[in-house]
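Asks: Just so it is clear, I am handing over my_file_6.txt, which has compact mmCIF, C-alpha atoms.
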```txt
# COMPACT_ATOMS: atom_id res chain seq x y z
CA MET B 1 -14.04 11.01 5.84
CA LEU B 2 -11.84 8.51 4.04
CA HIS B 3 -10.94 9.76 0.54
CA ILE B 4 -9.65 7.31 -2.06
CA GLY B 5 -9.29 8.75 -5.54
CA PRO B 6 -12.67 10.33 -6.42
CA TYR B 7 -14.53 8.42 -3.69
CA SER B 8 -15.36 9.44 -0.14
CA PHE B 9 -16.45 7.12 2.67
CA SER B 10 -17.75 7.65 6.19
CA SER B 11 -16.53 4.26 7.41
CA ARG B 12 -12.82 3.56 7.72
CA LEU B 13 -13.33 -0.19 8.07
CA LEU B 14 -12.96 -2.20 4.86
CA LEU B 15 -14.31 -5.73 5.08
CA GLY B 16 -13.60 -8.94 3.20
CA THR B 17 -16.46 -11.17 2.08
CA GLY B 18 -14.92 -14.65 2.15
CA LYS B 19 -14.63 -17.46 4.73
CA TYR B 20 -17.99 -16.90 6.43
CA PRO B 21 -19.90 -19.99 7.65
CA ASP B 22 -22.83 -19.13 5.40
CA PHE B 23 -24.31 -16.27 3.39
CA GLU B 24 -26.76 -15.21 6.10
CA ILE B 25 -24.02 -14.70 8.69
CA GLN B 26 -21.97 -12.90 6.06
CA LYS B 27 -24.81 -10.47 5.39
CA LYS B 28 -25.43 -9.78 9.09
CA ALA B 29 -21.72 -9.25 9.73
CA VAL B 30 -21.38 -6.85 6.81
CA ASP B 31 -24.38 -4.89 8.08
CA ALA B 32 -23.01 -4.78 11.63
CA SER B 33 -19.59 -3.60 10.46
CA GLY B 34 -20.94 -0.42 8.91
CA SER B 35 -18.38 -0.90 6.14
CA GLU B 36 -18.96 0.83 2.82
CA ILE B 37 -16.14 -0.95 0.96
CA LEU B 38 -16.23 -4.71 0.45
CA THR B 39 -13.30 -6.61 -0.97
CA PHE B 40 -13.21 -10.04 -2.56
CA ALA B 41 -10.90 -12.26 -4.58
CA VAL B 42 -11.91 -12.16 -8.23
CA ARG B 43 -10.62 -15.70 -8.73
CA ARG B 44 -13.09 -17.02 -6.16
CA MET B 45 -16.08 -15.43 -7.85
CA ASN B 46 -18.23 -16.81 -10.61
CA ILE B 47 -17.25 -13.89 -12.84
CA TYR B 48 -13.96 -15.73 -13.18
CA GLU B 49 -15.16 -19.33 -13.10
CA ALA B 50 -18.82 -20.28 -13.36
CA SER B 51 -18.46 -23.22 -10.95
CA GLN B 52 -17.38 -20.99 -8.06
CA PRO B 53 -19.90 -19.60 -5.53
CA ASN B 54 -20.74 -15.92 -5.54
CA PHE B 55 -20.12 -14.67 -2.02
CA LEU B 56 -21.79 -11.34 -2.83
CA GLU B 57 -25.13 -12.67 -4.00
CA MET B 58 -26.86 -12.11 -0.64
CA LEU B 59 -25.79 -8.47 -0.39
CA ASP B 60 -27.46 -5.33 -1.70
CA LEU B 61 -24.51 -4.20 -3.77
CA LYS B 62 -26.02 -0.77 -4.38
CA LYS B 63 -25.10 0.06 -0.77
CA TYR B 64 -21.41 -0.69 -1.20
CA THR B 65 -18.33 0.14 -3.23
CA LEU B 66 -16.63 -3.06 -4.33
CA LEU B 67 -12.89 -3.52 -4.14
CA PRO B 68 -11.91 -6.60 -6.15
CA ASN B 69 -8.45 -7.95 -5.39
CA THR B 70 -6.00 -9.91 -7.49
CA ALA B 71 -5.33 -12.65 -4.91
CA GLY B 72 -3.81 -15.70 -6.57
CA ALA B 73 -1.64 -13.68 -8.93
CA LYS B 74 2.07 -14.53 -8.89
CA THR B 75 3.13 -12.04 -11.54
CA ALA B 76 2.24 -8.51 -12.57
CA GLU B 77 0.82 -9.86 -15.81
CA GLU B 78 -1.60 -12.11 -13.95
CA ALA B 79 -2.64 -9.31 -11.61
CA VAL B 80 -3.36 -6.95 -14.51
CA ARG B 81 -5.40 -9.63 -16.30
CA ILE B 82 -7.51 -10.32 -13.20
CA ALA B 83 -8.07 -6.60 -12.59
CA LYS B 84 -9.20 -6.05 -16.16
CA LEU B 85 -11.64 -8.95 -15.86
CA ALA B 86 -13.21 -7.40 -12.77
CA LYS B 87 -13.48 -3.99 -14.40
CA ALA B 88 -15.01 -5.49 -17.55
CA SER B 89 -17.72 -7.02 -15.36
CA GLY B 90 -18.74 -3.52 -14.30
CA LEU B 91 -17.97 -4.12 -10.62
CA CYS B 92 -15.74 -1.14 -9.90
CA ASP B 93 -12.75 0.77 -11.23
CA MET B 94 -10.90 0.32 -7.92
CA VAL B 95 -8.61 -2.67 -7.44
CA LYS B 96 -6.48 -4.01 -4.64
CA VAL B 97 -3.24 -5.23 -6.20
CA GLU B 98 -2.07 -8.41 -4.52
CA VAL B 99 0.87 -10.30 -6.02
CA ILE B 100 2.16 -13.00 -3.70
CA GLY B 101 5.85 -13.83 -3.95
CA CYS B 102 6.19 -16.54 -1.30
CA ASP B 103 3.71 -19.38 -0.83
CA LYS B 104 4.88 -20.09 2.74
CA THR B 105 4.68 -16.58 4.15
CA LEU B 106 2.22 -15.13 1.61
CA LEU B 107 4.37 -12.01 1.49
CA PRO B 108 3.87 -9.80 -1.56
CA ASP B 109 6.43 -9.71 -4.36
CA PRO B 110 7.71 -6.11 -4.30
CA VAL B 111 9.01 -6.07 -7.88
CA GLU B 112 5.85 -7.53 -9.42
CA THR B 113 3.66 -5.32 -7.20
CA LEU B 114 5.41 -2.22 -8.53
CA LYS B 115 5.01 -3.45 -12.11
CA ALA B 116 1.32 -4.26 -11.69
CA THR B 117 0.61 -0.94 -9.98
CA ASP B 118 2.36 1.00 -12.74
CA GLU B 119 0.48 -0.83 -15.51
CA LEU B 120 -2.94 -0.54 -13.88
CA LEU B 121 -2.46 3.16 -13.21
CA LYS B 122 -1.71 3.63 -16.90
CA GLU B 123 -4.94 1.73 -17.64
CA GLY B 124 -6.92 4.23 -15.56
CA PHE B 125 -7.59 2.10 -12.48
CA ILE B 126 -7.81 3.41 -8.93
CA VAL B 127 -5.04 1.29 -7.47
CA LEU B 128 -4.55 0.19 -3.86
CA PRO B 129 -1.45 -2.02 -3.65
CA TYR B 130 -1.02 -4.55 -0.84
CA THR B 131 2.54 -4.48 0.49
CA SER B 132 4.70 -5.60 3.37
CA ASP B 133 5.67 -2.98 5.94
CA ASP B 134 8.57 -1.91 3.71
CA VAL B 135 8.97 1.84 4.13
CA VAL B 136 10.90 2.36 0.88
CA LEU B 137 8.49 0.25 -1.17
CA ALA B 138 5.56 2.25 0.18
CA ARG B 139 7.25 5.45 -0.98
CA ARG B 140 7.95 4.02 -4.44
CA LEU B 141 4.32 2.97 -4.83
CA GLU B 142 3.09 6.41 -3.87
CA GLU B 143 5.54 8.01 -6.30
CA LEU B 144 4.07 5.86 -9.07
CA GLY B 145 0.66 7.34 -8.28
CA ALA B 146 -1.03 4.69 -6.13
CA HIS B 147 -4.25 6.02 -4.62
CA ALA B 148 -3.65 4.32 -1.26
CA ILE B 149 -0.99 2.15 0.34
CA MET B 150 -2.01 -1.06 2.13
CA PRO B 151 0.80 -2.37 4.36
CA ALA B 152 0.33 -5.62 6.26
CA ALA B 153 0.19 -5.61 10.05
CA SER B 154 1.42 -9.22 10.03
CA PRO B 155 1.10 -12.26 7.71
CA ILE B 156 -2.27 -12.74 5.97
CA GLY B 157 -4.81 -14.52 8.14
CA SER B 158 -2.36 -14.96 11.02
CA GLY B 159 -4.22 -12.83 13.55
CA GLN B 160 -0.90 -11.78 15.08
CA GLY B 161 -1.83 -8.12 15.09
CA ILE B 162 0.70 -5.37 14.48
CA ILE B 163 4.16 -6.90 14.80
CA ASN B 164 6.11 -3.84 13.63
CA PRO B 165 4.34 -0.66 14.73
CA LEU B 166 7.48 1.43 14.17
CA TYR B 167 7.65 0.70 10.43
CA LEU B 168 3.91 1.24 10.06
CA LYS B 169 4.34 4.59 11.76
CA PHE B 170 7.17 5.48 9.36
CA ILE B 171 4.93 4.62 6.38
CA ILE B 172 2.03 6.64 7.77
CA GLU B 173 4.21 9.67 8.47
CA GLN B 174 5.79 9.78 5.00
CA THR B 175 2.67 9.02 2.95
CA LYS B 176 0.24 11.63 1.68
CA VAL B 177 -2.32 9.20 0.22
CA PRO B 178 -4.41 7.06 2.59
CA VAL B 179 -2.64 4.27 4.45
CA ILE B 180 -4.94 1.31 5.09
CA VAL B 181 -3.54 -1.39 7.36
CA ASP B 182 -4.28 -4.72 5.74
CA ALA B 183 -3.73 -8.34 6.88
CA GLY B 184 -2.96 -9.90 10.25
CA ILE B 185 -5.52 -8.03 12.37
CA GLY B 186 -6.85 -10.45 14.99
CA THR B 187 -8.71 -8.43 17.61
CA PRO B 188 -10.52 -5.10 17.93
CA SER B 189 -7.56 -3.80 19.95
CA ASP B 190 -5.29 -4.49 16.94
CA ALA B 191 -7.56 -2.39 14.73
CA MET B 192 -7.69 0.38 17.32
CA ILE B 193 -3.89 0.48 17.62
CA ALA B 194 -3.58 0.77 13.84
CA MET B 195 -5.87 3.78 13.87
CA GLU B 196 -4.13 5.30 16.90
CA LEU B 197 -0.87 5.12 14.93
CA GLY B 198 -2.53 7.39 12.37
CA ALA B 199 -3.70 4.91 9.74
CA ASP B 200 -6.56 6.09 7.56
CA GLY B 201 -8.35 2.77 7.62
CA VAL B 202 -8.20 -0.95 8.34
CA LEU B 203 -9.01 -3.84 6.03
CA LEU B 204 -9.73 -7.24 7.53
CA ASN B 205 -11.56 -10.48 6.80
CA THR B 206 -10.49 -13.53 8.79
CA ALA B 207 -10.73 -11.76 12.15
CA VAL B 208 -14.46 -11.35 11.59
CA ALA B 209 -15.36 -14.31 9.39
CA GLY B 210 -13.42 -16.75 11.57
CA ALA B 211 -14.65 -15.46 14.93
CA LYS B 212 -16.98 -17.55 17.10
CA ASP B 213 -19.60 -14.85 16.55
CA PRO B 214 -18.78 -12.99 13.32
CA VAL B 215 -21.63 -10.51 13.75
CA LYS B 216 -20.52 -9.40 17.21
CA MET B 217 -16.91 -9.24 16.06
CA ALA B 218 -17.89 -7.09 13.07
CA LEU B 219 -19.59 -4.64 15.41
CA ALA B 220 -16.59 -4.70 17.74
CA MET B 221 -14.24 -3.93 14.84
CA LYS B 222 -16.43 -1.04 13.75
CA MET B 223 -16.34 0.46 17.24
CA ALA B 224 -12.59 -0.15 17.58
CA VAL B 225 -11.79 1.66 14.33
CA GLU B 226 -13.97 4.58 15.35
CA ALA B 227 -12.41 4.73 18.83
CA GLY B 228 -8.89 4.55 17.42
CA GLN B 229 -9.60 7.35 14.97
CA LEU B 230 -11.04 9.57 17.70
CA GLY B 231 -8.10 8.79 19.94
CA PHE B 232 -5.62 9.73 17.22
CA GLU B 233 -7.44 12.97 16.50
CA ALA B 234 -7.67 13.82 20.22
CA GLY B 235 -3.94 13.34 20.75
CA ARG B 236 -2.57 11.19 23.54
CA ILE B 237 -0.77 12.61 26.60
CA PRO B 238 3.05 12.43 26.63
CA ARG B 239 4.62 9.38 28.25
CA LYS B 240 6.44 10.21 31.48
CA GLU B 241 8.86 8.23 33.60
CA THR B 242 7.40 9.48 36.87
CA ALA B 243 3.92 9.63 38.32
CA THR B 244 1.84 12.80 38.06
CA ALA B 245 -1.05 13.52 40.38
CA CYS B 246 -4.42 13.53 38.64
CA SER B 247 -5.92 16.05 41.06
CA PRO B 248 -4.48 19.49 41.90
CA LEU B 249 -2.44 19.58 45.10
CA GLU B 250 -2.32 23.36 45.57
CA GLY B 251 -4.31 24.74 48.48
CA LEU B 252 -4.59 21.42 50.31
CA SER B 253 -3.73 21.34 53.98
CA VAL B 254 -2.25 18.29 55.61
CA LYS B 255 -3.30 17.50 59.20
```
Take the structure I supplied and represent it as structure tokens, if you would.

Replies:
Amino acid sequence: MLHIGPYSFSSRLLLGTGKYPDFEIQKKAVDASGSEILTFAVRRMNIYEASQPNFLEMLDLKKYTLLPNTAGAKTAEEAVRIAKLAKASGLCDMVKVEVIGCDKTLLPDPVETLKATDELLKEGFIVLPYTSDDVVLARRLEELGAHAIMPAASPIGSGQGIINPLYLKFIIEQTKVPVIVDAGIGTPSDAMIAMELGADGVLLNTAVAGAKDPVKMALAMKMAVEAGQLGFEAGRIPRKETATACSPLEGLSVK
């Protein structure tokens, strides 16, 4: 089970709801993913601006826990304001803090992320901050009281997969709250590797929504996350520099 604050989830795959070709494909992909947590940008929803489409209107929201995010925020103040708007709409008391500090790389601003996390925790939110793979920043966020840490595998939407598995491993090993790998996942094998490293979950959007067949890719991601989790729990064999026979050699005669 994945435990975040007071919530528990069977699925360790968190899915975004944007960028799908149409609402019907979105619904089928969400169903195929088995995800219980759906994330979305508050600024792209009609709770923020009436002229914007509601990407959740085709879904049975009673089946899911919603995780609004503060995408578009450039400062802690903006992130807090967006989070409060989502909570006031009765969507959920969880929020993914996303404060972008660089328009070219879309990397998060570490200072503003810390500020926003601190303020939202004081306001009683369940806070999941999106970060780079900065080991020290992850520790600082946990020390503030963040309910999960969400380090990027690689730049948002890039599909590059995990470009720094060592730092992700460091974050996972030092962190007691859930670590959910977020951003940059491109293939099911990327998601599986994240889970094999010991991550507690994976959040993705573009890898499914932008696939040639989003529904099949959603199912593939579900299976990859499950396989990676089982593999991590089972424990891999040690790496060796020499070959080792798979079958016992004792008692065999050579003619």

Asks: Using all atoms listed in the file, give me every residue within 9 Å of (-13.8, -8.3, -11.4) in file coordinates, as a ChimeraX atom specification.

Replies: /B:41-43,45,47-48,67-70,82-92,95

Asks: How far is it from atom CA of B:Pro110 to atom CA of B:Ala79, in Å with one decimal?

Replies: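 Distance between the two atoms: 13.1 Å.
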
Asks: Can you work out which one of B:Leu144, B:Val80, B:Val215, B:Leu121 has the shortest atom-to-atom distance to B:Asp31, counting all atoms listed in the file?

Replies: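 Selected residue with least distance to B:Asp31: B:Val215.
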
Asks: Excluding B:Asn205 and residues on its chain fewer than 4 positions from it, collect all residues at most 10 Å away from it, counting all atoms listed in the file, and give them as an MDAnalysis selection string.

Replies: chainID B and resid 14:20 38:40 156:157 182:186 209:210 218

Asks: Given the point (-17.7, -1.8, 1.0) in the coordinates of this file, which residues lie within 6 Å, counting only C-alpha atoms, and how would they look as a PDB file with C-alpha atoms, keeping the file's coordinate frame?

Replies:
```
ATOM      1  CA  SER B  35     -18.380  -0.900   6.140  1.00  0.00           C
ATOM      2  CA  GLU B  36     -18.960   0.830   2.820  1.00  0.00           C
ATOM      3  CA  ILE B  37     -16.140  -0.950   0.960  1.00  0.00           C
ATOM      4  CA  LEU B  38     -16.230  -4.710   0.450  1.00  0.00           C
ATOM      5  CA  TYR B  64     -21.410  -0.690  -1.200  1.00  0.00           C
ATOM      6  CA  THR B  65     -18.330   0.140  -3.230  1.00  0.00           C
ATOM      7  CA  LEU B  66     -16.630  -3.060  -4.330  1.00  0.00           C
TER       8      LEU B  66
END
```

Asks: For a quick check of understanding, using only C-alpha atoms, which of B:Val177, B:Ala29, B:Leu168, B:Cys102 has the smallest distance to B:Asp133?

Replies: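 Closest residue, counting only C-alpha atoms: B:Leu168.
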
Asks: Could you state the separation of atom CA of B:Ser189 and atom CA of B:Gly235 in Å, given to one decimal place?

Replies: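 Separating atom CA of B:Ser189 from atom CA of B:Gly235 is a distance of 17.5 Å.
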
Asks: Compare B:Ile126, B:Leu141, B:Leu2, B:Ile193 by their minimum atom-to-atom distance to B:Ala153, counting all atoms listed in the file, and give me the closest one.

Replies: B:Ile193

Asks: Counting all atoms listed in the file, which of B:Ala148, B:Leu128, B:Ala224, B:Ala116 gets nearest to B:Met94?

Replies: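 For B:Met94, the nearest of the given residues is B:Leu128.
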
Asks: Using all atoms listed in the file, can you tell me which of B:His147, B:Ala191, B:Pro214, B:Arg12 comes closest to B:Glu24?

Replies: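 With all atoms listed in the file as the atom set, the closest residue is B:Pro214.
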
Asks: Expressed in Å to a single decimal, how great is the separation between atom CA of B:Glu78 and atom CA of B:Val97?

Replies: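 Taking atom CA of B:Glu78 as the start and atom CA of B:Val97 as the end point, the length is 10.5 Å.
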
Asks: Nearest to B:Arg81: which of B:Ile4, B:Val135, B:Leu120, B:Met221 is it, counting only C-alpha atoms?

Replies: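 For B:Arg81, the nearest of the given residues is B:Leu120.
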
Asks: Which residues, written as a list of chain:residue names, have at least one atom at most 10 Å from B:Phe170, with all atoms listed in the file counted and residues fewer than 3 positions away on the same chain left out?

Replies: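 After dropping sequence-adjacent residues, the list is B:Asp133, B:Asp134, B:Val135, B:Val136, B:Ala138, B:Pro165, B:Leu166, B:Tyr167, B:Glu173, B:Gln174, B:Thr175, B:Leu197.
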
Asks: Identify, on the basis of only C-alpha atoms, every residue whose closest approach to B:Gly101 does not exceed 8 Å; exclude the query and any residue fewer than 5 positions from it along the same chain; express the result as a VMD selection string.

Replies: chain B and resid 74 106 to 110

Asks: Write the residues of the selection above to a file with C-alpha atoms, as a PDB file, in the coordinates of the input.

Replies:
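Okay, part16.pdb is ready:
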```pdb
ATOM      1  CA  LYS B  74       2.070 -14.530  -8.890  1.00  0.00           C
ATOM      2  CA  LEU B 106       2.220 -15.130   1.610  1.00  0.00           C
ATOM      3  CA  LEU B 107       4.370 -12.010   1.490  1.00  0.00           C
ATOM      4  CA  PRO B 108       3.870  -9.800  -1.560  1.00  0.00           C
ATOM      5  CA  ASP B 109       6.430  -9.710  -4.360  1.00  0.00           C
ATOM      6  CA  PRO B 110       7.710  -6.110  -4.300  1.00  0.00           C
TER       7      PRO B 110
END
```
